[in-house]
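Asker: This is the structure I have questions about; it appears just below.
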Amino acid sequence: MQIIDVTVELVDLPAQPPFRWRAGLPGSEPAVVGGILRVHTDEGLVGEAHTRRGLIVADLVARRIREDLVGRDPMMRELLWQRLWELDRIEELPIYALGLVDVALWDLAGKATGQPVHRLLGTYREAIPAYASTVTFGSVEEYLDVATQCLELGYVGIKLHAWGDPKADAELCRKLRAHVGDDVPLMYDGSAGFDLADSIQLGHVLSEAGYLWYEEPMREFSVTAYRRLAERVEVPLLVAETSDGAHMNVGDFIAAGAAGRVRTSAQYKGGITGAMRIAHLADSYQLRAEVHGTGVVNAHLCMAIPNTTYYESLVYTNPVQREPAVGADGLVHAPTAPGIGFDQPGW
């Protein structure tokens, strides 16, 4: 089997439901031109991957990627993964674009074998609990109301994206713990809003309130800053969500003693191949590799990675609408369609 073409179909995507992130960050996106990247083969099999950045990805495919992939064996995913890293040296590929070809190749392999991708990876579980990952809401009272709704809908835990104000966020974190009790897993995501001093201050509050993890309080450029934070707070740091370099950068966080857990994902870590590299790396240090982000691709990762805990399900609205893939029991079940299953009902 050979690759005969790589294409990007441009697709008009509607505006997202209105929501916001912390102060300083843009929130929901207007209508955009997305894209479906497809890897075509001489046997008629086609693998695909989806992006909200269709115009950028189409340019990269036309200028760099298509020529390098045409004529190659699509089952040589490791070689082709390395080829994208070589192109990254010249192109500085956007972090969300680096793994798209890899996702499409795994989709193709699943279709070729008639198996969902998690089976090819080696399925560890058939279902996983989901936690509610909030957007930024307007007040403490609204967050508490949202939390109550999420638990009533079956979500097993709650992760906060708050305002980016260390004092206000600390108050919210305390009040949420008091509201839900000691047994509900709570997490906090700083969305890289703080410097080291504020991160330490807020980290003490999260430690006292028994939060499960403390995610990305600072930009992830300085591993040293994260090491210093880890030395000063007890709450486990969840690190390396958006940092470039996939497993190589994650390895530095671990070696520095800065990682209580690590992030992995197809979107930010070089596709499925990169995400699994990170999971295995973390496992060798007896660390959890928590899958970042929603969607069917990451659901496959959740089913295949033994050292992960939950599926992340974003909650955009109040009243809360449970993601279709999450059942009333709070579980997300393994996709069953061959390949990724982008068109599988519920996704």
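Order determines the names: the first chain of the structure tokens is A, the second B, and so forth; residues in each chain are numbered 1 upward, and ligands are numbered 1 upward as they are shown.
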Do you know which residues are at most 9 Å from segment 119-121 of chain A counting only C-alpha atoms, after dropping those on the same chain fewer than 4 positions away, and could you put them as a ChimeraX atom specification?

Answerer: /A:106,109-110,113,115,276,300-301,303-305

Asker: Using only C-alpha atoms, which residues sit within 12 Å of Val297 of chain A once same-chain residues fewer than 2 positions away are excluded, as a ChimeraX atom specification?

Answerer: /A:48-51,99-100,102-104,106-107,116-118,265-267,271-273,275,291-295,299-304,311,334-335,339-344,347

Asker: Restricted to C-alpha atoms, what would the selected residues look like written as a short mmCIF file (atom, residue, chain, number, x, y, z; two decimals), in the first residue's frame?

Answerer:
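Dumped to part.cif:
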data_model
loop_
_atom_site.label_atom_id
_atom_site.label_comp_id
_atom_site.auth_asym_id
_atom_site.auth_seq_id
_atom_site.Cartn_x
_atom_site.Cartn_y
_atom_site.Cartn_z
CA GLU A 48 -8.65 11.41 8.21
CA ALA A 49 -8.09 13.91 10.98
CA HIS A 50 -10.05 17.06 11.86
CA THR A 51 -8.87 20.57 12.68
CA GLY A 99 0.05 15.25 14.98
CA LEU A 100 -2.72 15.51 12.39
CA ASP A 102 -0.40 10.69 12.61
CA VAL A 103 -4.07 10.68 13.64
CA ALA A 104 -5.08 10.15 10.01
CA TRP A 106 -4.00 5.55 12.79
CA ASP A 107 -7.52 6.06 11.42
CA PRO A 116 -11.14 0.71 16.50
CA VAL A 117 -7.82 2.41 17.13
CA HIS A 118 -7.74 1.64 20.85
CA SER A 265 -3.04 14.31 24.17
CA ALA A 266 -3.22 13.80 20.45
CA GLN A 267 -3.78 17.50 19.79
CA GLY A 271 -0.83 12.78 17.54
CA ILE A 272 -1.59 9.34 18.90
CA THR A 273 2.00 8.13 18.54
CA ALA A 275 0.60 10.73 23.19
CA VAL A 291 -5.38 12.80 28.75
CA HIS A 292 -6.08 16.43 27.91
CA GLY A 293 -9.19 17.44 26.02
CA THR A 294 -12.46 16.09 24.83
CA GLY A 295 -13.39 14.20 21.66
CA ALA A 299 -11.35 8.73 24.06
CA HIS A 300 -9.26 6.10 22.24
CA LEU A 301 -6.25 7.21 24.27
CA CYS A 302 -8.23 6.94 27.50
CA MET A 303 -9.11 3.35 26.65
CA ALA A 304 -5.52 2.39 25.81
CA TYR A 311 -11.90 11.55 30.46
CA ALA A 334 -14.91 2.76 24.18
CA PRO A 335 -15.56 3.73 20.55
CA GLY A 339 -10.48 3.51 12.87
CA ILE A 340 -11.16 6.67 14.88
CA GLY A 341 -14.89 6.72 14.21
CA PHE A 342 -15.39 10.43 13.65
CA ASP A 343 -18.90 9.73 12.36
CA GLN A 344 -19.84 7.34 15.15
CA TRP A 347 -19.31 11.91 19.02
#

Asker: Between atom CA of Ile95 of chain A and atom CA of Phe221 of chain A, what is the spacing in Å?

Answerer: 14.2 Å

Asker: Please indicate the distance in Å from atom CA of Ala130 of chain A to atom CA of Glu241 of chain A, rounded to one decimal place.

Answerer: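 Taking atom CA of Ala130 of chain A and atom CA of Glu241 of chain A, their separation equals 18.4 Å.
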
Asker: For segment 131-144 of chain A, list every protein, DNA or RNA residue within 10 Å, evaluated using only C-alpha atoms, and leave out those in the same chain fewer than 3 positions away; present the list as a short mmCIF file (atom, residue, chain, number, x, y, z; two decimals) with all heavy atoms, in the first residue's frame.

Answerer:
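Generated output (around.cif):
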data_model
loop_
_atom_site.label_atom_id
_atom_site.label_comp_id
_atom_site.auth_asym_id
_atom_site.auth_seq_id
_atom_site.Cartn_x
_atom_site.Cartn_y
_atom_site.Cartn_z
N PHE A 19 -18.84 31.59 25.48
CA PHE A 19 -18.24 31.31 26.79
C PHE A 19 -16.94 32.08 26.89
O PHE A 19 -16.46 32.65 25.91
CB PHE A 19 -17.99 29.80 26.99
CG PHE A 19 -16.96 29.20 26.07
CD1 PHE A 19 -15.61 29.24 26.38
CD2 PHE A 19 -17.33 28.57 24.89
CE1 PHE A 19 -14.65 28.68 25.53
CE2 PHE A 19 -16.39 28.01 24.04
CZ PHE A 19 -15.05 28.07 24.36
N ARG A 20 -16.35 32.10 28.09
CA ARG A 20 -15.09 32.82 28.26
C ARG A 20 -14.11 32.01 29.08
O ARG A 20 -14.48 31.09 29.81
CB ARG A 20 -15.33 34.19 28.89
CG ARG A 20 -15.90 34.17 30.30
CD ARG A 20 -16.31 35.57 30.72
NE ARG A 20 -16.86 35.62 32.06
CZ ARG A 20 -16.19 36.01 33.15
NH1 ARG A 20 -14.91 36.38 33.04
NH2 ARG A 20 -16.77 36.04 34.33
N TRP A 21 -12.85 32.38 28.94
CA TRP A 21 -11.78 31.85 29.77
C TRP A 21 -11.34 32.93 30.75
O TRP A 21 -12.00 33.96 30.89
CB TRP A 21 -10.60 31.37 28.92
CG TRP A 21 -10.91 30.24 27.99
CD1 TRP A 21 -10.83 30.25 26.63
CD2 TRP A 21 -11.34 28.91 28.34
NE1 TRP A 21 -11.18 29.03 26.11
CE2 TRP A 21 -11.50 28.18 27.13
CE3 TRP A 21 -11.62 28.27 29.55
CZ2 TRP A 21 -11.92 26.85 27.11
CZ3 TRP A 21 -12.02 26.94 29.52
CH2 TRP A 21 -12.17 26.24 28.33
N ARG A 22 -10.20 32.73 31.39
CA ARG A 22 -9.74 33.69 32.40
C ARG A 22 -9.45 35.05 31.75
O ARG A 22 -9.33 35.18 30.53
CB ARG A 22 -8.47 33.16 33.08
CG ARG A 22 -7.26 33.07 32.16
CD ARG A 22 -5.97 32.97 32.96
NE ARG A 22 -4.81 32.75 32.11
CZ ARG A 22 -4.15 33.71 31.47
NH1 ARG A 22 -4.56 34.97 31.54
NH2 ARG A 22 -3.09 33.40 30.73
N ALA A 23 -9.28 36.06 32.61
CA ALA A 23 -8.95 37.40 32.14
C ALA A 23 -7.68 37.35 31.30
O ALA A 23 -6.68 36.72 31.68
CB ALA A 23 -8.76 38.34 33.33
N GLY A 27 -12.18 33.91 24.45
CA GLY A 27 -13.07 32.80 24.78
C GLY A 27 -13.56 32.09 23.55
O GLY A 27 -12.78 31.68 22.69
N SER A 28 -14.87 31.96 23.45
CA SER A 28 -15.45 31.19 22.35
C SER A 28 -15.10 31.83 21.01
O SER A 28 -14.96 33.04 20.89
CB SER A 28 -16.97 31.11 22.51
OG SER A 28 -17.52 32.40 22.71
N ILE A 128 -14.49 4.61 31.02
CA ILE A 128 -13.71 5.43 31.94
C ILE A 128 -14.61 6.54 32.48
O ILE A 128 -15.47 7.05 31.75
CB ILE A 128 -12.47 6.02 31.23
CG1 ILE A 128 -11.49 6.64 32.24
CG2 ILE A 128 -12.87 7.05 30.17
CD1 ILE A 128 -10.14 6.97 31.64
N ALA A 147 -21.52 23.25 39.64
CA ALA A 147 -20.97 22.04 40.25
C ALA A 147 -22.08 21.09 40.69
O ALA A 147 -22.01 19.87 40.46
CB ALA A 147 -20.09 22.40 41.44
N THR A 148 -23.12 21.62 41.30
CA THR A 148 -24.25 20.78 41.72
C THR A 148 -24.89 20.10 40.51
O THR A 148 -25.18 18.90 40.54
CB THR A 148 -25.29 21.63 42.45
OG1 THR A 148 -24.70 22.17 43.65
CG2 THR A 148 -26.51 20.81 42.82
N GLN A 149 -25.09 20.86 39.45
CA GLN A 149 -25.68 20.28 38.24
C GLN A 149 -24.79 19.17 37.68
O GLN A 149 -25.28 18.11 37.26
CB GLN A 149 -25.87 21.35 37.18
CG GLN A 149 -26.91 22.41 37.51
CD GLN A 149 -27.00 23.43 36.39
OE1 GLN A 149 -27.30 23.09 35.23
NE2 GLN A 149 -26.73 24.68 36.70
N CYS A 150 -23.48 19.41 37.65
CA CYS A 150 -22.56 18.42 37.08
C CYS A 150 -22.61 17.11 37.85
O CYS A 150 -22.65 16.02 37.25
CB CYS A 150 -21.14 18.97 37.07
SG CYS A 150 -20.86 20.29 35.87
N LEU A 151 -22.62 17.19 39.16
CA LEU A 151 -22.67 15.98 39.97
C LEU A 151 -24.00 15.27 39.81
O LEU A 151 -24.05 14.03 39.75
CB LEU A 151 -22.41 16.32 41.44
CG LEU A 151 -21.00 16.90 41.72
CD1 LEU A 151 -20.88 17.27 43.19
CD2 LEU A 151 -19.91 15.93 41.32
N LEU A 153 -25.71 15.22 37.15
CA LEU A 153 -25.70 14.64 35.81
C LEU A 153 -24.78 13.43 35.69
O LEU A 153 -24.71 12.80 34.64
CB LEU A 153 -25.29 15.70 34.79
CG LEU A 153 -26.34 16.77 34.49
CD1 LEU A 153 -25.74 17.90 33.67
CD2 LEU A 153 -27.53 16.16 33.75
N GLY A 154 -24.06 13.11 36.75
CA GLY A 154 -23.24 11.90 36.75
C GLY A 154 -21.75 12.12 36.70
O GLY A 154 -20.98 11.16 36.86
N TYR A 155 -21.29 13.33 36.47
CA TYR A 155 -19.85 13.58 36.45
C TYR A 155 -19.26 13.23 37.81
O TYR A 155 -19.83 13.54 38.87
CB TYR A 155 -19.55 15.04 36.12
CG TYR A 155 -19.78 15.41 34.67
CD1 TYR A 155 -20.87 16.20 34.30
CD2 TYR A 155 -18.91 14.98 33.68
CE1 TYR A 155 -21.10 16.55 32.98
CE2 TYR A 155 -19.11 15.33 32.35
CZ TYR A 155 -20.21 16.11 32.00
OH TYR A 155 -20.42 16.45 30.69
N VAL A 156 -18.08 12.61 37.80
CA VAL A 156 -17.51 12.12 39.04
C VAL A 156 -16.62 13.14 39.73
O VAL A 156 -16.27 12.98 40.90
CB VAL A 156 -16.70 10.83 38.81
CG1 VAL A 156 -17.58 9.75 38.21
CG2 VAL A 156 -15.48 11.08 37.92
N GLY A 157 -16.21 14.18 39.02
CA GLY A 157 -15.35 15.20 39.59
C GLY A 157 -15.48 16.49 38.81
O GLY A 157 -16.16 16.53 37.77
N ILE A 158 -14.81 17.55 39.29
CA ILE A 158 -14.94 18.86 38.68
C ILE A 158 -13.57 19.52 38.62
O ILE A 158 -12.82 19.53 39.62
CB ILE A 158 -15.90 19.76 39.48
CG1 ILE A 158 -17.30 19.14 39.50
CG2 ILE A 158 -15.95 21.18 38.90
CD1 ILE A 158 -18.20 19.70 40.54
N LYS A 159 -13.25 20.06 37.44
CA LYS A 159 -12.04 20.87 37.29
C LYS A 159 -12.43 22.31 36.98
O LYS A 159 -13.23 22.57 36.08
CB LYS A 159 -11.14 20.33 36.17
CG LYS A 159 -9.79 21.04 36.13
CD LYS A 159 -8.89 20.53 35.02
CE LYS A 159 -9.23 21.18 33.70
NZ LYS A 159 -8.24 20.85 32.65
N LEU A 160 -11.83 23.22 37.70
CA LEU A 160 -12.13 24.64 37.55
C LEU A 160 -11.18 25.31 36.57
O LEU A 160 -9.97 25.16 36.65
CB LEU A 160 -11.99 25.35 38.90
CG LEU A 160 -12.96 24.97 40.01
CD1 LEU A 160 -12.55 25.65 41.31
CD2 LEU A 160 -14.38 25.35 39.62
N HIS A 161 -11.76 26.06 35.64
CA HIS A 161 -11.06 27.14 34.96
C HIS A 161 -11.65 28.42 35.53
O HIS A 161 -12.82 28.72 35.28
CB HIS A 161 -11.28 27.09 33.45
CG HIS A 161 -10.63 25.92 32.77
ND1 HIS A 161 -11.28 24.72 32.59
CD2 HIS A 161 -9.40 25.78 32.23
CE1 HIS A 161 -10.48 23.88 31.95
NE2 HIS A 161 -9.33 24.49 31.73
N ALA A 162 -10.88 29.18 36.29
CA ALA A 162 -11.42 30.32 37.00
C ALA A 162 -10.98 31.63 36.36
O ALA A 162 -10.79 31.71 35.15
CB ALA A 162 -11.05 30.24 38.48
N TRP A 163 -10.79 32.67 37.17
CA TRP A 163 -10.67 34.03 36.64
C TRP A 163 -9.24 34.49 36.38
O TRP A 163 -9.02 35.51 35.73
CB TRP A 163 -11.35 35.01 37.60
CG TRP A 163 -12.79 34.69 37.83
CD1 TRP A 163 -13.80 34.73 36.91
CD2 TRP A 163 -13.38 34.25 39.05
NE1 TRP A 163 -14.99 34.35 37.49
CE2 TRP A 163 -14.76 34.05 38.80
CE3 TRP A 163 -12.88 34.02 40.33
CZ2 TRP A 163 -15.64 33.62 39.78
CZ3 TRP A 163 -13.77 33.59 41.32
CH2 TRP A 163 -15.12 33.39 41.04
N GLY A 164 -8.25 33.80 36.93
CA GLY A 164 -6.88 34.26 36.78
C GLY A 164 -6.49 35.30 37.81
O GLY A 164 -5.49 36.01 37.64
N ALA A 168 -9.11 35.72 44.31
CA ALA A 168 -10.48 35.31 44.00
C ALA A 168 -10.56 33.82 43.67
O ALA A 168 -11.50 33.12 44.09
CB ALA A 168 -11.02 36.13 42.82
N ASP A 169 -9.58 33.31 42.95
CA ASP A 169 -9.57 31.89 42.61
C ASP A 169 -9.39 31.03 43.87
O ASP A 169 -10.00 29.97 43.99
CB ASP A 169 -8.46 31.58 41.61
CG ASP A 169 -8.77 32.12 40.22
OD1 ASP A 169 -9.72 32.91 40.08
OD2 ASP A 169 -8.04 31.76 39.27
N GLU A 171 -10.41 31.79 46.90
CA GLU A 171 -11.70 31.78 47.60
C GLU A 171 -12.66 30.80 46.94
O GLU A 171 -13.37 30.03 47.61
CB GLU A 171 -12.31 33.18 47.60
CG GLU A 171 -13.68 33.24 48.29
CD GLU A 171 -14.37 34.58 48.14
OE1 GLU A 171 -13.95 35.37 47.28
OE2 GLU A 171 -15.35 34.82 48.88
N LEU A 172 -12.70 30.82 45.60
CA LEU A 172 -13.57 29.89 44.87
C LEU A 172 -13.20 28.45 45.18
O LEU A 172 -14.08 27.60 45.42
CB LEU A 172 -13.46 30.16 43.38
CG LEU A 172 -14.11 29.13 42.45
CD1 LEU A 172 -15.62 29.06 42.70
CD2 LEU A 172 -13.81 29.45 40.99
N CYS A 173 -11.91 28.15 45.18
CA CYS A 173 -11.47 26.77 45.42
C CYS A 173 -11.86 26.30 46.81
O CYS A 173 -12.29 25.14 47.00
CB CYS A 173 -9.96 26.66 45.21
SG CYS A 173 -9.46 26.86 43.48
N LYS A 175 -14.40 27.46 48.65
CA LYS A 175 -15.86 27.35 48.76
C LYS A 175 -16.40 26.16 47.97
O LYS A 175 -17.38 25.53 48.39
CB LYS A 175 -16.50 28.66 48.30
CG LYS A 175 -16.27 29.79 49.29
CD LYS A 175 -17.04 31.05 48.93
CE LYS A 175 -16.90 32.11 50.01
NZ LYS A 175 -17.63 33.36 49.68
N LEU A 176 -15.75 25.83 46.85
CA LEU A 176 -16.19 24.65 46.11
C LEU A 176 -15.95 23.39 46.92
O LEU A 176 -16.81 22.50 46.97
CB LEU A 176 -15.49 24.57 44.76
CG LEU A 176 -15.88 23.36 43.91
CD1 LEU A 176 -17.37 23.37 43.57
CD2 LEU A 176 -15.05 23.29 42.63
N ARG A 177 -14.80 23.30 47.58
CA ARG A 177 -14.54 22.12 48.42
C ARG A 177 -15.57 22.01 49.53
O ARG A 177 -16.12 20.92 49.80
CB ARG A 177 -13.13 22.18 49.00
CG ARG A 177 -12.81 21.11 50.04
CD ARG A 177 -13.08 19.70 49.52
NE ARG A 177 -12.08 19.27 48.58
CZ ARG A 177 -12.25 18.28 47.71
NH1 ARG A 177 -13.41 17.63 47.66
NH2 ARG A 177 -11.28 17.92 46.89
N ALA A 178 -15.88 23.12 50.18
CA ALA A 178 -16.88 23.08 51.24
C ALA A 178 -18.25 22.70 50.69
O ALA A 178 -19.03 22.00 51.35
CB ALA A 178 -16.95 24.45 51.93
N HIS A 179 -18.52 23.10 49.46
CA HIS A 179 -19.83 22.86 48.86
C HIS A 179 -20.04 21.39 48.50
O HIS A 179 -21.13 20.84 48.72
CB HIS A 179 -19.97 23.73 47.60
CG HIS A 179 -21.27 23.59 46.89
ND1 HIS A 179 -22.45 24.08 47.40
CD2 HIS A 179 -21.59 23.00 45.69
CE1 HIS A 179 -23.44 23.82 46.55
NE2 HIS A 179 -22.95 23.16 45.52
N VAL A 180 -19.01 20.74 47.96
CA VAL A 180 -19.18 19.37 47.47
C VAL A 180 -18.76 18.32 48.48
O VAL A 180 -19.03 17.13 48.31
CB VAL A 180 -18.42 19.15 46.14
CG1 VAL A 180 -18.89 20.12 45.08
CG2 VAL A 180 -16.91 19.24 46.33
N PRO A 185 -13.60 14.38 43.78
CA PRO A 185 -12.32 14.84 43.23
C PRO A 185 -12.45 16.23 42.61
O PRO A 185 -13.34 16.47 41.79
CB PRO A 185 -11.99 13.79 42.16
CG PRO A 185 -12.81 12.59 42.52
CD PRO A 185 -14.06 13.12 43.15
N LEU A 186 -11.57 17.14 43.02
CA LEU A 186 -11.54 18.49 42.48
C LEU A 186 -10.16 18.77 41.91
O LEU A 186 -9.14 18.34 42.46
CB LEU A 186 -11.87 19.53 43.55
CG LEU A 186 -13.26 19.46 44.18
CD1 LEU A 186 -13.41 20.54 45.24
CD2 LEU A 186 -14.35 19.61 43.12
N MET A 187 -10.12 19.50 40.81
CA MET A 187 -8.89 19.89 40.17
C MET A 187 -8.98 21.37 39.82
O MET A 187 -10.07 21.93 39.72
CB MET A 187 -8.64 19.09 38.89
CG MET A 187 -8.71 17.59 39.03
SD MET A 187 -10.41 16.96 39.10
CE MET A 187 -10.32 15.59 37.99
N TYR A 188 -7.82 21.99 39.63
CA TYR A 188 -7.79 23.41 39.28
C TYR A 188 -6.81 23.60 38.14
O TYR A 188 -5.69 23.08 38.16
CB TYR A 188 -7.37 24.26 40.48
CG TYR A 188 -7.14 25.71 40.12
CD1 TYR A 188 -8.19 26.62 40.11
CD2 TYR A 188 -5.88 26.16 39.75
CE1 TYR A 188 -7.98 27.95 39.75
CE2 TYR A 188 -5.66 27.48 39.39
CZ TYR A 188 -6.72 28.37 39.39
OH TYR A 188 -6.51 29.67 39.02
N ASP A 189 -7.23 24.40 37.13
CA ASP A 189 -6.41 24.71 35.97
C ASP A 189 -6.19 26.22 35.92
O ASP A 189 -7.14 26.99 35.75
CB ASP A 189 -7.12 24.22 34.70
CG ASP A 189 -6.27 24.30 33.45
OD1 ASP A 189 -5.35 25.15 33.41
OD2 ASP A 189 -6.51 23.52 32.52
N GLY A 293 -8.26 17.08 27.07
CA GLY A 293 -9.19 17.44 26.02
C GLY A 293 -10.25 16.40 25.77
O GLY A 293 -10.15 15.23 26.11
N THR A 294 -11.29 16.89 25.13
CA THR A 294 -12.46 16.09 24.83
C THR A 294 -12.35 15.51 23.42
O THR A 294 -11.41 15.77 22.70
CB THR A 294 -13.73 16.95 24.98
OG1 THR A 294 -14.88 16.13 24.93
CG2 THR A 294 -13.80 18.01 23.90
N THR A 309 -6.58 8.53 34.45
CA THR A 309 -7.62 8.45 35.47
C THR A 309 -9.01 8.73 34.95
O THR A 309 -9.98 8.06 35.32
CB THR A 309 -7.30 9.45 36.60
OG1 THR A 309 -5.92 9.35 36.97
CG2 THR A 309 -8.16 9.17 37.82
N TYR A 310 -9.14 9.77 34.11
CA TYR A 310 -10.45 10.27 33.71
C TYR A 310 -10.45 10.69 32.24
O TYR A 310 -9.39 10.93 31.64
CB TYR A 310 -10.85 11.52 34.53
CG TYR A 310 -10.87 11.34 36.01
CD1 TYR A 310 -9.92 11.96 36.82
CD2 TYR A 310 -11.86 10.58 36.62
CE1 TYR A 310 -9.94 11.82 38.19
CE2 TYR A 310 -11.90 10.43 38.00
CZ TYR A 310 -10.93 11.06 38.78
OH TYR A 310 -10.96 10.91 40.14
N TYR A 311 -11.65 10.85 31.73
CA TYR A 311 -11.90 11.55 30.46
C TYR A 311 -12.31 12.97 30.80
O TYR A 311 -13.16 13.20 31.68
CB TYR A 311 -13.02 10.83 29.70
CG TYR A 311 -13.52 11.55 28.46
CD1 TYR A 311 -12.91 11.35 27.23
CD2 TYR A 311 -14.61 12.41 28.53
CE1 TYR A 311 -13.38 12.01 26.09
CE2 TYR A 311 -15.09 13.06 27.40
CZ TYR A 311 -14.46 12.86 26.18
OH TYR A 311 -14.92 13.50 25.06
N GLU A 312 -11.71 13.95 30.12
CA GLU A 312 -12.04 15.36 30.36
C GLU A 312 -13.21 15.77 29.48
O GLU A 312 -13.12 15.73 28.25
CB GLU A 312 -10.84 16.25 30.07
CG GLU A 312 -11.14 17.73 30.30
CD GLU A 312 -9.92 18.63 30.17
OE1 GLU A 312 -8.92 18.21 29.55
OE2 GLU A 312 -9.98 19.76 30.70
N SER A 313 -14.29 16.21 30.11
CA SER A 313 -15.50 16.61 29.39
C SER A 313 -15.78 18.09 29.67
O SER A 313 -16.05 18.47 30.81
CB SER A 313 -16.69 15.76 29.85
OG SER A 313 -17.88 16.15 29.20
N LEU A 314 -15.70 18.90 28.64
CA LEU A 314 -15.87 20.34 28.82
C LEU A 314 -17.34 20.71 29.04
O LEU A 314 -18.23 20.21 28.34
CB LEU A 314 -15.31 21.09 27.62
CG LEU A 314 -13.78 21.18 27.60
CD1 LEU A 314 -13.29 21.65 26.24
CD2 LEU A 314 -13.28 22.11 28.68
N VAL A 315 -17.56 21.60 29.98
CA VAL A 315 -18.88 22.12 30.29
C VAL A 315 -18.89 23.60 29.92
O VAL A 315 -18.21 24.41 30.55
CB VAL A 315 -19.21 21.92 31.78
CG1 VAL A 315 -20.46 22.68 32.17
CG2 VAL A 315 -19.36 20.44 32.09
N TYR A 316 -19.63 23.94 28.88
CA TYR A 316 -19.58 25.28 28.30
C TYR A 316 -20.71 26.19 28.79
O TYR A 316 -20.62 27.41 28.63
CB TYR A 316 -19.70 25.20 26.77
CG TYR A 316 -18.56 24.51 26.07
CD1 TYR A 316 -18.66 23.19 25.66
CD2 TYR A 316 -17.39 25.20 25.77
CE1 TYR A 316 -17.63 22.56 25.00
CE2 TYR A 316 -16.36 24.59 25.10
CZ TYR A 316 -16.47 23.26 24.71
OH TYR A 316 -15.46 22.65 24.04
N THR A 317 -21.78 25.62 29.31
CA THR A 317 -23.01 26.40 29.50
C THR A 317 -23.59 26.21 30.89
O THR A 317 -23.32 25.22 31.58
CB THR A 317 -24.08 26.01 28.47
OG1 THR A 317 -24.41 24.61 28.65
CG2 THR A 317 -23.60 26.24 27.05
N ASN A 318 -24.39 27.15 31.28
CA ASN A 318 -25.25 27.05 32.45
C ASN A 318 -26.64 27.52 32.02
O ASN A 318 -26.81 28.68 31.64
CB ASN A 318 -24.74 27.94 33.58
CG ASN A 318 -25.57 27.81 34.85
OD1 ASN A 318 -26.28 26.83 35.02
ND2 ASN A 318 -25.48 28.80 35.72
N VAL A 320 -26.20 23.36 32.61
CA VAL A 320 -25.19 22.42 32.12
C VAL A 320 -25.82 21.42 31.16
O VAL A 320 -26.90 20.89 31.43
CB VAL A 320 -24.52 21.68 33.29
CG1 VAL A 320 -23.56 20.61 32.78
CG2 VAL A 320 -23.80 22.67 34.20
N ARG A 322 -24.77 17.88 29.49
CA ARG A 322 -23.79 16.81 29.53
C ARG A 322 -23.38 16.43 28.11
O ARG A 322 -24.22 16.31 27.21
CB ARG A 322 -24.36 15.60 30.27
CG ARG A 322 -23.34 14.50 30.55
CD ARG A 322 -23.96 13.36 31.35
NE ARG A 322 -25.06 12.74 30.63
CZ ARG A 322 -26.25 12.46 31.17
NH1 ARG A 322 -26.49 12.77 32.43
NH2 ARG A 322 -27.20 11.90 30.45
N GLU A 323 -22.09 16.25 27.90
CA GLU A 323 -21.58 15.83 26.60
C GLU A 323 -22.24 14.51 26.18
O GLU A 323 -22.38 13.59 27.00
CB GLU A 323 -20.06 15.65 26.69
CG GLU A 323 -19.39 15.27 25.40
CD GLU A 323 -17.88 15.08 25.58
OE1 GLU A 323 -17.34 15.45 26.64
OE2 GLU A 323 -17.26 14.56 24.63
N VAL A 326 -20.89 11.10 27.30
CA VAL A 326 -20.88 10.79 28.72
C VAL A 326 -22.26 10.29 29.13
O VAL A 326 -23.27 10.96 28.92
CB VAL A 326 -20.51 12.02 29.57
CG1 VAL A 326 -20.49 11.67 31.06
CG2 VAL A 326 -19.15 12.58 29.13
N GLY A 330 -21.91 8.71 34.33
CA GLY A 330 -20.63 9.40 34.32
C GLY A 330 -19.55 8.70 33.54
O GLY A 330 -18.39 9.13 33.55
N LEU A 331 -19.88 7.64 32.81
CA LEU A 331 -18.89 6.86 32.09
C LEU A 331 -18.88 7.20 30.60
O LEU A 331 -19.93 7.46 30.00
CB LEU A 331 -19.15 5.37 32.25
CG LEU A 331 -18.97 4.79 33.66
CD1 LEU A 331 -19.34 3.31 33.66
CD2 LEU A 331 -17.55 5.01 34.17
#

Asker: As a VMD selection string, please: every residue in segment 194-328 of chain A that DSSP puts in helix (DSSP H, G or I).

Answerer: chain A and resid 196 to 208 223 to 232 246 to 255 271 to 284 296 to 304

Asker: Please indicate the distance in Å from atom CA of Val33 of chain A to atom CA of Arg89 of chain A, rounded to one decimal place.

Answerer: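 Taking atom CA of Val33 of chain A and atom CA of Arg89 of chain A, their separation equals 26.5 Å.
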
Asker: Where in segment 103-253 of chain A does DSSP assign strand (DSSP E), given as a ChimeraX atom specification?

Answerer: /A:127-134,158-161,186-189,213-215,237-239

Asker: If we count only C-alpha atoms, what is near Gly35 of chain A at a cut-off of 10 Å, once residues fewer than 4 positions away on the same chain are taken out, given as a list in words?

Answerer: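 Result of the neighbour search: Thr7, Val8, Glu9, Leu10, Val11, Asp12, Leu13, Ala49, His50, Thr51, Arg52, Arg53, Gly54, Leu55, Ile56, Val57 and Ala58 of chain A.
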
Asker: Could you check the closest approach to Ala255 of chain A for each of A:Gln16, A:Thr224, A:Asn307, A:Ser191 and tell me which residue wins, using only C-alpha atoms?

Answerer: A:Thr224
